[in-house]
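Source file: work-v6.pdb. Holds: PDB, C-alpha atoms and all ligand atoms.
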```pdb
ATOM      1  CA  MET A 166      54.095 187.277 105.712
ATOM      2  CA  LYS A 167      54.430 184.648 108.431
ATOM      3  CA  ILE A 168      57.443 182.300 108.179
ATOM      4  CA  THR A 169      57.491 179.032 110.118
ATOM      5  CA  ILE A 170      60.353 176.542 110.446
ATOM      6  CA  ASP A 171      59.255 172.913 110.735
ATOM      7  CA  LYS A 172      60.398 171.787 114.185
ATOM      8  CA  ASN A 173      60.499 168.150 113.026
ATOM      9  CA  SER A 174      63.027 168.841 110.254
ATOM     10  CA  GLY A 175      66.776 168.797 110.680
ATOM     11  CA  PHE A 176      69.469 166.333 111.661
ATOM     12  CA  CYS A 177      68.482 162.801 112.654
ATOM     13  CA  PHE A 178      70.273 161.248 115.644
ATOM     14  CA  GLY A 179      72.699 159.379 113.344
ATOM     15  CA  VAL A 180      73.943 162.603 111.790
ATOM     16  CA  VAL A 181      74.034 164.401 115.171
ATOM     17  CA  TYR A 182      76.180 161.559 116.514
ATOM     18  CA  ALA A 183      78.646 161.758 113.569
ATOM     19  CA  ILE A 184      78.945 165.541 113.738
ATOM     20  CA  LYS A 185      79.486 165.503 117.498
ATOM     21  CA  ALA A 186      82.218 162.885 117.047
ATOM     22  CA  ALA A 187      83.879 165.094 114.398
ATOM     23  CA  GLU A 188      83.632 168.235 116.528
ATOM     24  CA  LYS A 189      85.084 166.433 119.544
ATOM     25  CA  ALA A 190      88.036 165.143 117.494
ATOM     26  CA  LEU A 191      88.598 168.575 115.932
ATOM     27  CA  ASN A 192      88.544 170.264 119.321
ATOM     28  CA  GLU A 193      91.204 167.835 120.531
ATOM     29  CA  GLU A 194      93.635 168.105 117.610
ATOM     30  CA  LYS A 195      92.354 170.784 115.175
ATOM     31  CA  HIS A 196      92.660 168.354 112.259
ATOM     32  CA  LEU A 197      90.793 165.264 111.139
ATOM     33  CA  TYR A 198      90.409 163.257 107.948
ATOM     34  CA  CYS A 199      86.886 162.260 106.976
ATOM     35  CA  LEU A 200      86.157 159.613 104.347
ATOM     36  CA  GLY A 201      83.607 161.352 102.108
ATOM     37  CA  ASP A 202      81.327 164.244 103.031
ATOM     38  CA  ILE A 203      80.173 163.773 106.612
ATOM     39  CA  VAL A 204      76.656 164.823 105.606
ATOM     40  CA  HIS A 205      75.022 165.575 102.220
ATOM     41  CA  ASN A 206      74.990 169.267 102.953
ATOM     42  CA  ASN A 207      77.698 171.533 101.510
ATOM     43  CA  GLU A 208      77.081 174.311 104.027
ATOM     44  CA  GLU A 209      77.636 172.039 107.018
ATOM     45  CA  VAL A 210      80.662 170.405 105.364
ATOM     46  CA  SER A 211      82.175 173.909 104.794
ATOM     47  CA  ARG A 212      81.653 174.768 108.465
ATOM     48  CA  LEU A 213      83.546 171.640 109.563
ATOM     49  CA  LYS A 214      86.292 172.200 106.970
ATOM     50  CA  GLN A 215      86.890 175.591 108.543
ATOM     51  CA  MET A 216      87.380 173.808 111.867
ATOM     52  CA  GLY A 217      90.082 171.593 110.285
ATOM     53  CA  MET A 218      88.256 168.700 108.674
ATOM     54  CA  ASP A 219      89.884 167.294 105.552
ATOM     55  CA  VAL A 220      87.518 165.325 103.316
ATOM     56  CA  ILE A 221      89.265 162.573 101.354
ATOM     57  CA  ASP A 222      88.160 159.766  99.057
ATOM     58  CA  LYS A 223      89.157 156.114  99.016
ATOM     59  CA  GLU A 224      92.041 156.678  96.567
ATOM     60  CA  GLN A 225      93.545 159.310  98.860
ATOM     61  CA  MET A 226      93.009 157.040 101.854
ATOM     62  CA  LYS A 227      95.235 154.414 100.202
ATOM     63  CA  HIS A 228      98.180 156.808 100.605
ATOM     64  CA  LEU A 229      97.400 157.872 104.161
ATOM     65  CA  TYR A 230      99.328 156.364 107.091
ATOM     66  CA  ASN A 231      99.254 156.755 110.885
ATOM     67  CA  GLN A 232      96.460 159.346 110.908
ATOM     68  CA  ARG A 233      92.985 159.619 112.407
ATOM     69  CA  ILE A 234      90.087 159.082 110.025
ATOM     70  CA  LEU A 235      86.360 159.397 110.636
ATOM     71  CA  ILE A 236      83.834 157.004 109.113
ATOM     72  CA  ARG A 237      80.533 158.807 108.681
ATOM     73  CA  ALA A 238      76.962 157.751 109.531
ATOM     74  CA  HIS A 239      76.449 155.945 106.172
ATOM     75  CA  GLY A 240      78.990 153.274 107.123
ATOM     76  CA  GLU A 241      81.592 151.549 104.947
ATOM     77  CA  PRO A 242      82.227 148.086 103.504
ATOM     78  CA  PRO A 243      84.699 145.691 105.254
ATOM     79  CA  GLU A 244      87.480 146.503 102.746
ATOM     80  CA  ILE A 245      87.734 150.036 104.169
ATOM     81  CA  TYR A 246      88.343 148.702 107.692
ATOM     82  CA  ARG A 247      90.980 146.346 106.257
ATOM     83  CA  LEU A 248      92.694 149.241 104.488
ATOM     84  CA  ALA A 249      92.622 151.349 107.667
ATOM     85  CA  LYS A 250      94.283 148.505 109.569
ATOM     86  CA  GLU A 251      96.974 147.997 106.903
ATOM     87  CA  ASN A 252      97.782 151.726 106.877
ATOM     88  CA  LYS A 253      97.735 151.926 110.705
ATOM     89  CA  LEU A 254      94.956 154.506 110.654
ATOM     90  CA  SER A 255      93.091 155.250 113.846
ATOM     91  CA  VAL A 256      89.387 154.963 112.984
ATOM     92  CA  ILE A 257      86.714 157.097 114.623
ATOM     93  CA  ASP A 258      83.704 155.021 113.633
ATOM     94  CA  ALA A 259      80.588 157.200 113.503
ATOM     95  CA  THR A 260      78.487 154.683 111.559
ATOM     96  CA  CYS A 261      74.868 155.162 112.639
ATOM     97  CA  PRO A 262      73.709 152.331 114.958
ATOM     98  CA  VAL A 263      70.705 151.743 112.668
ATOM     99  CA  VAL A 264      73.031 151.206 109.688
ATOM    100  CA  LEU A 265      75.337 148.940 111.738
ATOM    101  CA  LYS A 266      72.364 146.754 112.636
ATOM    102  CA  LEU A 267      71.324 146.564 108.974
ATOM    103  CA  GLN A 268      74.870 145.636 107.891
ATOM    104  CA  ARG A 269      74.862 142.821 110.465
ATOM    105  CA  SER A 270      71.494 141.578 109.292
ATOM    106  CA  ILE A 271      72.605 141.571 105.630
ATOM    107  CA  ARG A 272      75.763 139.631 106.545
ATOM    108  CA  GLU A 273      73.599 136.961 108.207
ATOM    109  CA  GLY A 274      71.198 136.878 105.247
ATOM    110  CA  PHE A 275      74.117 136.533 102.858
ATOM    111  CA  LEU A 276      75.546 133.540 104.741
ATOM    112  CA  GLU A 277      72.133 131.873 104.641
ATOM    113  CA  MET A 278      71.707 132.613 100.913
ATOM    114  CA  GLU A 279      75.158 131.232 100.126
ATOM    115  CA  GLN A 280      74.136 127.932 101.709
ATOM    116  CA  LYS A 281      70.755 127.846  99.965
ATOM    117  CA  GLY A 282      71.886 129.140  96.571
ATOM    118  CA  GLY A 283      69.704 132.225  96.959
ATOM    119  CA  GLN A 284      70.019 135.963  96.495
ATOM    120  CA  VAL A 285      70.341 139.015  98.717
ATOM    121  CA  VAL A 286      68.467 141.958  97.221
ATOM    122  CA  ILE A 287      68.967 145.532  98.413
ATOM    123  CA  PHE A 288      66.396 148.164  97.521
ATOM    124  CA  GLY A 289      68.541 151.288  97.347
ATOM    125  CA  LYS A 290      70.270 153.883  95.254
ATOM    126  CA  LYS A 291      73.151 152.415  93.235
ATOM    127  CA  GLY A 292      76.456 154.076  94.091
ATOM    128  CA  HIS A 293      75.121 155.648  97.306
ATOM    129  CA  ALA A 294      77.672 155.415 100.138
ATOM    130  CA  GLU A 295      75.328 153.502 102.460
ATOM    131  CA  VAL A 296      74.451 151.014  99.699
ATOM    132  CA  ILE A 297      78.152 150.454  98.901
ATOM    133  CA  GLY A 298      78.652 149.642 102.597
ATOM    134  CA  LEU A 299      75.655 147.284 102.593
ATOM    135  CA  ALA A 300      76.621 145.471  99.392
ATOM    136  CA  GLY A 301      80.134 145.100 100.828
ATOM    137  CA  GLN A 302      78.670 142.779 103.497
ATOM    138  CA  THR A 303      77.879 140.336 100.671
ATOM    139  CA  LYS A 304      81.263 140.524  98.880
ATOM    140  CA  ASN A 305      79.383 142.769  96.439
ATOM    141  CA  LYS A 306      77.223 139.855  95.313
ATOM    142  CA  ALA A 307      73.927 141.473  96.380
ATOM    143  CA  ILE A 308      71.516 142.563  93.663
ATOM    144  CA  VAL A 309      70.909 146.297  94.080
ATOM    145  CA  ILE A 310      67.576 147.563  92.791
ATOM    146  CA  SER A 311      67.039 151.304  92.551
ATOM    147  CA  ASP A 312      63.728 151.106  90.820
ATOM    148  CA  LEU A 313      60.811 148.677  90.495
ATOM    149  CA  SER A 314      61.582 148.351  86.766
ATOM    150  CA  GLU A 315      64.912 146.678  87.658
ATOM    151  CA  MET A 316      63.409 143.755  89.545
ATOM    152  CA  GLU A 317      63.802 141.487  86.508
ATOM    153  CA  SER A 318      67.413 140.965  87.591
ATOM    154  CA  ILE A 319      66.049 138.754  90.417
ATOM    155  CA  ASN A 320      65.667 135.034  89.792
ATOM    156  CA  PHE A 321      62.238 134.386  91.364
ATOM    157  CA  ALA A 322      62.717 130.629  91.308
ATOM    158  CA  LYS A 323      65.510 130.943  93.896
ATOM    159  CA  PRO A 324      65.337 132.046  97.559
ATOM    160  CA  VAL A 325      65.328 135.824  98.116
ATOM    161  CA  ARG A 326      66.165 137.946 101.174
ATOM    162  CA  LEU A 327      65.160 141.553 100.628
ATOM    163  CA  TYR A 328      66.474 144.578 102.563
ATOM    164  CA  ALA A 329      66.092 148.340 102.057
ATOM    165  CA  GLN A 330      68.516 151.226 102.288
ATOM    166  CA  THR A 331      67.473 153.101 105.442
ATOM    167  CA  THR A 332      66.306 156.203 103.579
ATOM    168  CA  GLN A 333      64.104 154.563 100.940
ATOM    169  CA  SER A 334      60.424 155.390 100.585
ATOM    170  CA  LEU A 335      58.285 152.997 102.651
ATOM    171  CA  SER A 336      55.461 152.901 100.111
ATOM    172  CA  ALA A 337      57.840 152.096  97.212
ATOM    173  CA  PHE A 338      59.348 149.285  99.328
ATOM    174  CA  LYS A 339      55.891 147.838 100.036
ATOM    175  CA  ASP A 340      55.120 147.967  96.293
ATOM    176  CA  LEU A 341      58.324 146.053  95.593
ATOM    177  CA  VAL A 342      57.459 143.365  98.172
ATOM    178  CA  GLU A 343      54.020 142.971  96.624
ATOM    179  CA  LEU A 344      55.440 142.681  93.087
ATOM    180  CA  ILE A 345      57.993 140.051  94.122
ATOM    181  CA  GLN A 346      55.245 138.037  95.841
ATOM    182  CA  GLN A 347      53.132 138.232  92.669
ATOM    183  CA  LYS A 348      56.060 137.084  90.501
ATOM    184  CA  ILE A 349      56.741 134.095  92.775
ATOM    185  CA  ARG A 350      53.024 133.177  92.801
ATOM    186  CA  SER A 351      52.868 133.399  89.009
ATOM    187  CA  LEU A 352      55.706 130.865  88.742
ATOM    188  CA  GLY A 353      53.744 128.514  90.952
ATOM    189  CA  SER A 354      56.955 127.730  92.800
ATOM    190  CA  GLU A 355      57.490 127.219  96.547
ATOM    191  CA  SER A 356      58.150 130.641  97.968
ATOM    192  CA  ASP A 357      61.323 131.188  99.982
ATOM    193  CA  PHE A 358      61.053 134.958 100.106
ATOM    194  CA  VAL A 359      61.732 136.875 103.312
ATOM    195  CA  TRP A 360      61.714 140.644 103.392
ATOM    196  CA  TYR A 361      62.944 142.949 106.104
ATOM    197  CA  ASP A 362      61.567 146.463 106.483
ATOM    198  CA  THR A 363      64.849 148.189 107.324
ATOM    199  CA  ILE A 364      63.715 151.731 106.543
ATOM    200  CA  CYS A 365      64.733 154.150 109.270
ATOM    201  CA  ARG A 366      61.772 155.673 111.075
ATOM    202  CA  GLN A 367      63.724 158.908 111.504
ATOM    203  CA  VAL A 368      62.856 159.407 107.827
ATOM    204  CA  SER A 369      59.589 157.568 107.259
ATOM    205  CA  ASN A 370      57.931 158.955 110.420
ATOM    206  CA  ARG A 371      58.556 162.409 109.071
ATOM    207  CA  GLU A 372      56.550 161.720 105.935
ATOM    208  CA  SER A 373      53.024 162.232 107.305
ATOM    209  CA  VAL A 374      54.038 165.141 109.555
ATOM    210  CA  LEU A 375      55.773 166.856 106.651
ATOM    211  CA  GLN A 376      52.796 166.273 104.390
ATOM    212  CA  GLN A 377      50.598 168.129 106.871
ATOM    213  CA  PHE A 378      53.180 170.934 107.209
ATOM    214  CA  ALA A 379      53.383 171.350 103.400
ATOM    215  CA  TYR A 380      49.592 171.347 103.133
ATOM    216  CA  GLU A 381      49.206 174.091 105.766
ATOM    217  CA  HIS A 382      51.523 176.612 104.072
ATOM    218  CA  ASP A 383      51.127 178.665 100.876
ATOM    219  CA  VAL A 384      54.765 178.216  99.880
ATOM    220  CA  ILE A 385      57.271 175.586 101.023
ATOM    221  CA  ILE A 386      61.016 176.105 100.955
ATOM    222  CA  PHE A 387      62.686 172.729 101.338
ATOM    223  CA  VAL A 388      66.363 173.067 102.280
ATOM    224  CA  SER A 389      68.578 170.123 101.381
ATOM    225  CA  GLY A 390      71.801 169.131  99.679
ATOM    226  CA  LYS A 391      71.107 167.931  96.139
ATOM    227  CA  LYS A 392      72.835 164.571  96.858
ATOM    228  CA  SER A 393      70.675 163.710  99.875
ATOM    229  CA  SER A 394      68.522 160.621  99.243
ATOM    230  CA  ASN A 395      66.066 161.305 102.033
ATOM    231  CA  GLY A 396      66.017 164.965 100.932
ATOM    232  CA  LEU A 397      64.670 163.920  97.522
ATOM    233  CA  VAL A 398      62.103 161.566  99.066
ATOM    234  CA  LEU A 399      60.859 164.188 101.535
ATOM    235  CA  PHE A 400      60.808 166.962  98.929
ATOM    236  CA  GLN A 401      58.625 164.838  96.636
ATOM    237  CA  ILE A 402      56.190 164.455  99.531
ATOM    238  CA  CYS A 403      56.003 168.255  99.895
ATOM    239  CA  GLN A 404      55.481 168.633  96.151
ATOM    240  CA  SER A 405      52.715 166.030  96.115
ATOM    241  CA  VAL A 406      50.538 168.169  98.408
ATOM    242  CA  ASN A 407      51.836 171.655  97.605
ATOM    243  CA  LYS A 408      52.800 172.605  94.054
ATOM    244  CA  ARG A 409      54.494 175.757  95.368
ATOM    245  CA  SER A 410      57.298 173.735  96.970
ATOM    246  CA  HIS A 411      60.864 174.702  96.086
ATOM    247  CA  MET A 412      64.065 172.853  96.921
ATOM    248  CA  ILE A 413      67.183 174.903  97.633
ATOM    249  CA  SER A 414      70.598 174.018  99.016
ATOM    250  CA  SER A 415      71.678 177.545  99.940
ATOM    251  CA  LEU A 416      69.853 180.782 100.691
ATOM    252  CA  HIS A 417      71.255 182.405  97.515
ATOM    253  CA  GLU A 418      68.863 180.252  95.459
ATOM    254  CA  LEU A 419      65.766 181.913  96.923
ATOM    255  CA  GLN A 420      63.668 183.856  94.399
ATOM    256  CA  ARG A 421      61.445 186.766  95.367
ATOM    257  CA  THR A 422      58.787 185.787  92.785
ATOM    258  CA  TRP A 423      58.065 182.550  94.681
ATOM    259  CA  PHE A 424      56.441 184.564  97.462
ATOM    260  CA  ALA A 425      53.882 186.545  95.409
ATOM    261  CA  ASP A 426      50.515 186.495  97.271
ATOM    262  CA  CYS A 427      52.043 184.329  99.990
ATOM    263  CA  GLU A 428      50.687 184.844 103.502
ATOM    264  CA  ASN A 429      52.505 182.028 105.216
ATOM    265  CA  ALA A 430      55.709 180.311 104.128
ATOM    266  CA  GLY A 431      57.081 177.106 105.604
ATOM    267  CA  VAL A 432      60.770 176.204 105.817
ATOM    268  CA  CYS A 433      61.684 172.541 106.239
ATOM    269  CA  GLY A 434      64.436 170.112 105.281
ATOM    270  CA  ALA A 435      66.030 166.688 105.266
ATOM    271  CA  THR A 436      67.683 164.671 108.037
ATOM    272  CA  SER A 437      70.976 166.115 106.769
ATOM    273  CA  THR A 438      69.867 169.769 106.950
ATOM    274  CA  PRO A 439      71.293 171.778 109.859
ATOM    275  CA  MET A 440      68.872 173.889 111.868
ATOM    276  CA  TRP A 441      71.211 176.885 111.611
ATOM    277  CA  LEU A 442      70.785 176.805 107.812
ATOM    278  CA  MET A 443      66.980 176.687 108.017
ATOM    279  CA  ASP A 444      67.148 179.658 110.428
ATOM    280  CA  ALA A 445      69.299 181.572 107.936
ATOM    281  CA  VAL A 446      66.879 180.742 105.087
ATOM    282  CA  ALA A 447      63.902 181.991 107.153
ATOM    283  CA  LYS A 448      65.744 185.280 107.857
ATOM    284  CA  GLU A 449      66.616 185.681 104.161
ATOM    285  CA  ILE A 450      62.984 185.126 103.101
ATOM    286  CA  LYS A 451      61.980 187.870 105.525
ATOM    287  CA  ARG A 452      64.684 190.170 104.185
ATOM    288  CA  ILE A 453      63.897 189.760 100.489
ATOM    289  CA  ASN A 454      60.219 190.301 101.142
ATOM    290  CA  GLN A 455      60.860 193.533 103.025
ATOM    291  CA  THR A 456      63.137 195.135 100.406
TER     292      THR A 456
HETATM  293  S1  LIG B   1      68.394 158.512 108.677
HETATM  294 FE1  LIG B   1      68.281 156.924 110.256
HETATM  295  S2  LIG B   1      69.759 155.398 109.591
HETATM  296 FE2  LIG B   1      70.238 157.249 108.463
HETATM  297  S3  LIG B   1      71.776 158.265 109.730
HETATM  298 FE3  LIG B   1      69.789 159.085 110.328
HETATM  299  S4  LIG B   1      69.168 157.834 112.095
HETATM  300 FE4  LIG B   1      70.803 156.741 111.022
END
```
Exercise: express the given structure as structure tokens:
Amino acid sequence: MKITIDKNSGFCFGVVYAIKAAEKALNEEKHLYCLGDIVHNNEEVSRLKQMGMDVIDKEQMKHLYNQRILIRAHGEPPEIYRLAKENKLSVIDATCPVVLKLQRSIREGFLEMEQKGGQVVIFGKKGHAEVIGLAGQTKNKAIVISDLSEMESINFAKPVRLYAQTTQSLSAFKDLVELIQQKIRSLGSESDFVWYDTICRQVSNRESVLQQFAYEHDVIIFVSGKKSSNGLVLFQICQSVNKRSHMISSLHELQRTWFADCENAGVCGATSTPMWLMDAVAKEIKRINQT
């Protein structure tokens, strides 16, 4: 059986940047606090914990003073920076530049909407770290929509500025834009609707390439942490063209039966999946099919 690893899968530049920042800090002082998991991948988090990374949550951060703390690629709301300042924490800010730009844009949109009595709408996963950071730019007044069925919470008679979490599906976002336009038209009101396609191309550009990769292989093993948003989006793309697609987060989840009559297997993953883990999965597939 031939096993191929998708060369386009693996860490995006935002995650590479955050992990390099963490490794540099750990090499300097052998210990570093990180607010939340640096990446939605338990295996990579374990590797960094062994190097001295201590993952804490916001409650624990409230009791931390005079230490170094890393802010991961997802970014954080302004209140976290305020807390860090109050507690004299030294912040290593590894927020992805794409997310920083989106936060800035939402802040500007929010100021405009406050003046016009309008609404900021964020198409994203409720409770996701990036979305918490984005909503924080609007004093948590933004309307967060995870699903098209939730769009009724928007008042279509008022101005709307729409943004997307960077890892959302591009086609679902376009559907949402279309539906909002229809709603405004049906009211017959003057439209003051502006939408911003803020989906990161590190994810959406992978969609068509991954579709082709999934189509070309008998079996697809998609490696991703279960909490990864872009992991779920990309896995669904694999499944849509190849029913023999399986999502795993560690090589222990592999099942020999998946590879019956398989001549070529493909291994791929999310923007939060380390290449070393996909390598290990490919080796394990080879091993279980030889024993
Ligand atoms: S997916 Fe895009 S926005 Fe998100 S961390 Fe990676 S590069 Fe940054």
To verify the selection step, state as a short mmCIF file (atom, residue, chain, number, x, y, z; two decimals) with C-alpha atoms, keeping the file's coordinate frame which residues the PyMOL selection byres (((chain A and resi 221-236) around 7) and not hetatm) yields on this input.
```
data_model
loop_
_atom_site.label_atom_id
_atom_site.label_comp_id
_atom_site.auth_asym_id
_atom_site.auth_seq_id
_atom_site.Cartn_x
_atom_site.Cartn_y
_atom_site.Cartn_z
CA LEU A 197 90.79 165.26 111.14
CA TYR A 198 90.41 163.26 107.95
CA CYS A 199 86.89 162.26 106.98
CA LEU A 200 86.16 159.61 104.35
CA GLY A 201 83.61 161.35 102.11
CA ASP A 219 89.88 167.29 105.55
CA VAL A 220 87.52 165.32 103.32
CA ARG A 237 80.53 158.81 108.68
CA ALA A 238 76.96 157.75 109.53
CA GLY A 240 78.99 153.27 107.12
CA ASN A 252 97.78 151.73 106.88
CA LYS A 253 97.74 151.93 110.70
CA LEU A 254 94.96 154.51 110.65
CA SER A 255 93.09 155.25 113.85
CA VAL A 256 89.39 154.96 112.98
CA ILE A 257 86.71 157.10 114.62
CA ASP A 258 83.70 155.02 113.63
CA ALA A 259 80.59 157.20 113.50
CA THR A 260 78.49 154.68 111.56
#
```
Explicit residue set for the PyMOL selection byres (((chain A and resi 195) around 12) and not hetatm), as a VMD selection string: chain A and resid 187 to 194 196 to 198 213 to 219 233
From A:Ala430, A:Thr436, A:Lys281, A:Met166, residue lying nearest ligand LIG 1 (chain B) [all atoms listed in the file]: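 Looking only at the distances to ligand LIG 1 (chain B), the closest residue turns out to be A:Thr436.
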What are the centre and edge lengths in Å, to one decimal, of the axis-aligned box around all listed atoms of ligand LIG 1 (chain B) with 6 Å added on each side, as JSON?
```
{"center_x": 70.0, "center_y": 157.2, "center_z": 110.3, "size_x": 15.5, "size_y": 15.7, "size_z": 15.6}
```
Taking all atoms listed in the file and a cut-off of 12 Å, can you tell me which residues surround ligand LIG 1 (chain B), written as a ChimeraX atom specification? /A:174-184,203-205,237-240,259-268,294-296,329-334,363-371,393-396,398-399,435-438
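Reported to one decimal place, the separation of CA of Lys291 in chain A from CA of Glu418 in chain A is 28.3 Å.
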Interatomic distance, CA of Trp423 in chain A to CA of Glu209 in chain A (Å, one decimal):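 Going from CA of Trp423 in chain A over to CA of Glu209 in chain A, I get 25.4 Å.
Atom pair CA of Ser414 in chain A / CA of Phe288 in chain A: separated by 26.2 Å.
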Result set of the PyMOL selection byres (((chain A and resi 272-276) around 9) and not hetatm) on the coordinates above, as a PDB file with C-alpha atoms, keeping the file's coordinate frame:
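Result went into out_13.pdb, see below:
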```pdb
ATOM      1  CA  LEU A 267      71.324 146.564 108.974  1.00  0.00           C
ATOM      2  CA  GLN A 268      74.870 145.636 107.891  1.00  0.00           C
ATOM      3  CA  ARG A 269      74.862 142.821 110.465  1.00  0.00           C
ATOM      4  CA  SER A 270      71.494 141.578 109.292  1.00  0.00           C
ATOM      5  CA  ILE A 271      72.605 141.571 105.630  1.00  0.00           C
ATOM      6  CA  GLU A 277      72.133 131.873 104.641  1.00  0.00           C
ATOM      7  CA  MET A 278      71.707 132.613 100.913  1.00  0.00           C
ATOM      8  CA  GLU A 279      75.158 131.232 100.126  1.00  0.00           C
ATOM      9  CA  GLN A 280      74.136 127.932 101.709  1.00  0.00           C
ATOM     10  CA  LYS A 281      70.755 127.846  99.965  1.00  0.00           C
ATOM     11  CA  GLY A 283      69.704 132.225  96.959  1.00  0.00           C
ATOM     12  CA  GLN A 284      70.019 135.963  96.495  1.00  0.00           C
ATOM     13  CA  VAL A 285      70.341 139.015  98.717  1.00  0.00           C
ATOM     14  CA  LEU A 299      75.655 147.284 102.593  1.00  0.00           C
ATOM     15  CA  GLN A 302      78.670 142.779 103.497  1.00  0.00           C
ATOM     16  CA  THR A 303      77.879 140.336 100.671  1.00  0.00           C
ATOM     17  CA  LYS A 306      77.223 139.855  95.313  1.00  0.00           C
ATOM     18  CA  ALA A 307      73.927 141.473  96.380  1.00  0.00           C
ATOM     19  CA  ARG A 326      66.165 137.946 101.174  1.00  0.00           C
ATOM     20  CA  LEU A 327      65.160 141.553 100.628  1.00  0.00           C
TER      21      LEU A 327
END
```
Nearest to Ile168 in chain A by atom-to-atom distance, counting all atoms listed in the file, from A:Val359, A:Ile385, A:Ala425, A:Ile402: A:Ile385
Residue with smallest distance to Val286 in chain A - pool A:Tyr361, A:Asp340, A:Ala379, A:Arg247, counting all atoms listed in the file: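 When distances to Val286 in chain A are compared using all atoms listed in the file, the smallest one comes from A:Tyr361.
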Please list as number ranges by chain every residue within 8 Å of Asp171 in chain A, counting only C-alpha atoms and excluding residues in the same chain fewer than 4 positions away. A: 378, 431-433
Name the residues in contact with Glu355 in chain A at a cut-off of 10 Å, using all atoms listed in the file, excluding same-chain residues fewer than 3 positions from it; report them as a list in words.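 Surrounding residues, per the criterion: Ala322, Lys323, Pro324, Ile349, Arg350, Leu352 and Phe358 of chain A.
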Per residue of range 366-411 of chain A within 10 Å of range 439-450 of chain A, record the nearest atom pair and its distance in Å to one decimal, counting all atoms listed in the file, with rows in chain order and ascending residue number, as a Markdown table.
```
| residue | atom | partner | partner_atom | distance |
| --- | --- | --- | --- | --- |
| A:Ile386 | CA | A:Val446 | CA | 8.5 |
| A:Phe387 | CA | A:Met443 | CA | 8.9 |
| A:Val388 | CA | A:Met443 | CA | 6.8 |
| A:Ser389 | CA | A:Pro439 | CA | 9.1 |
```
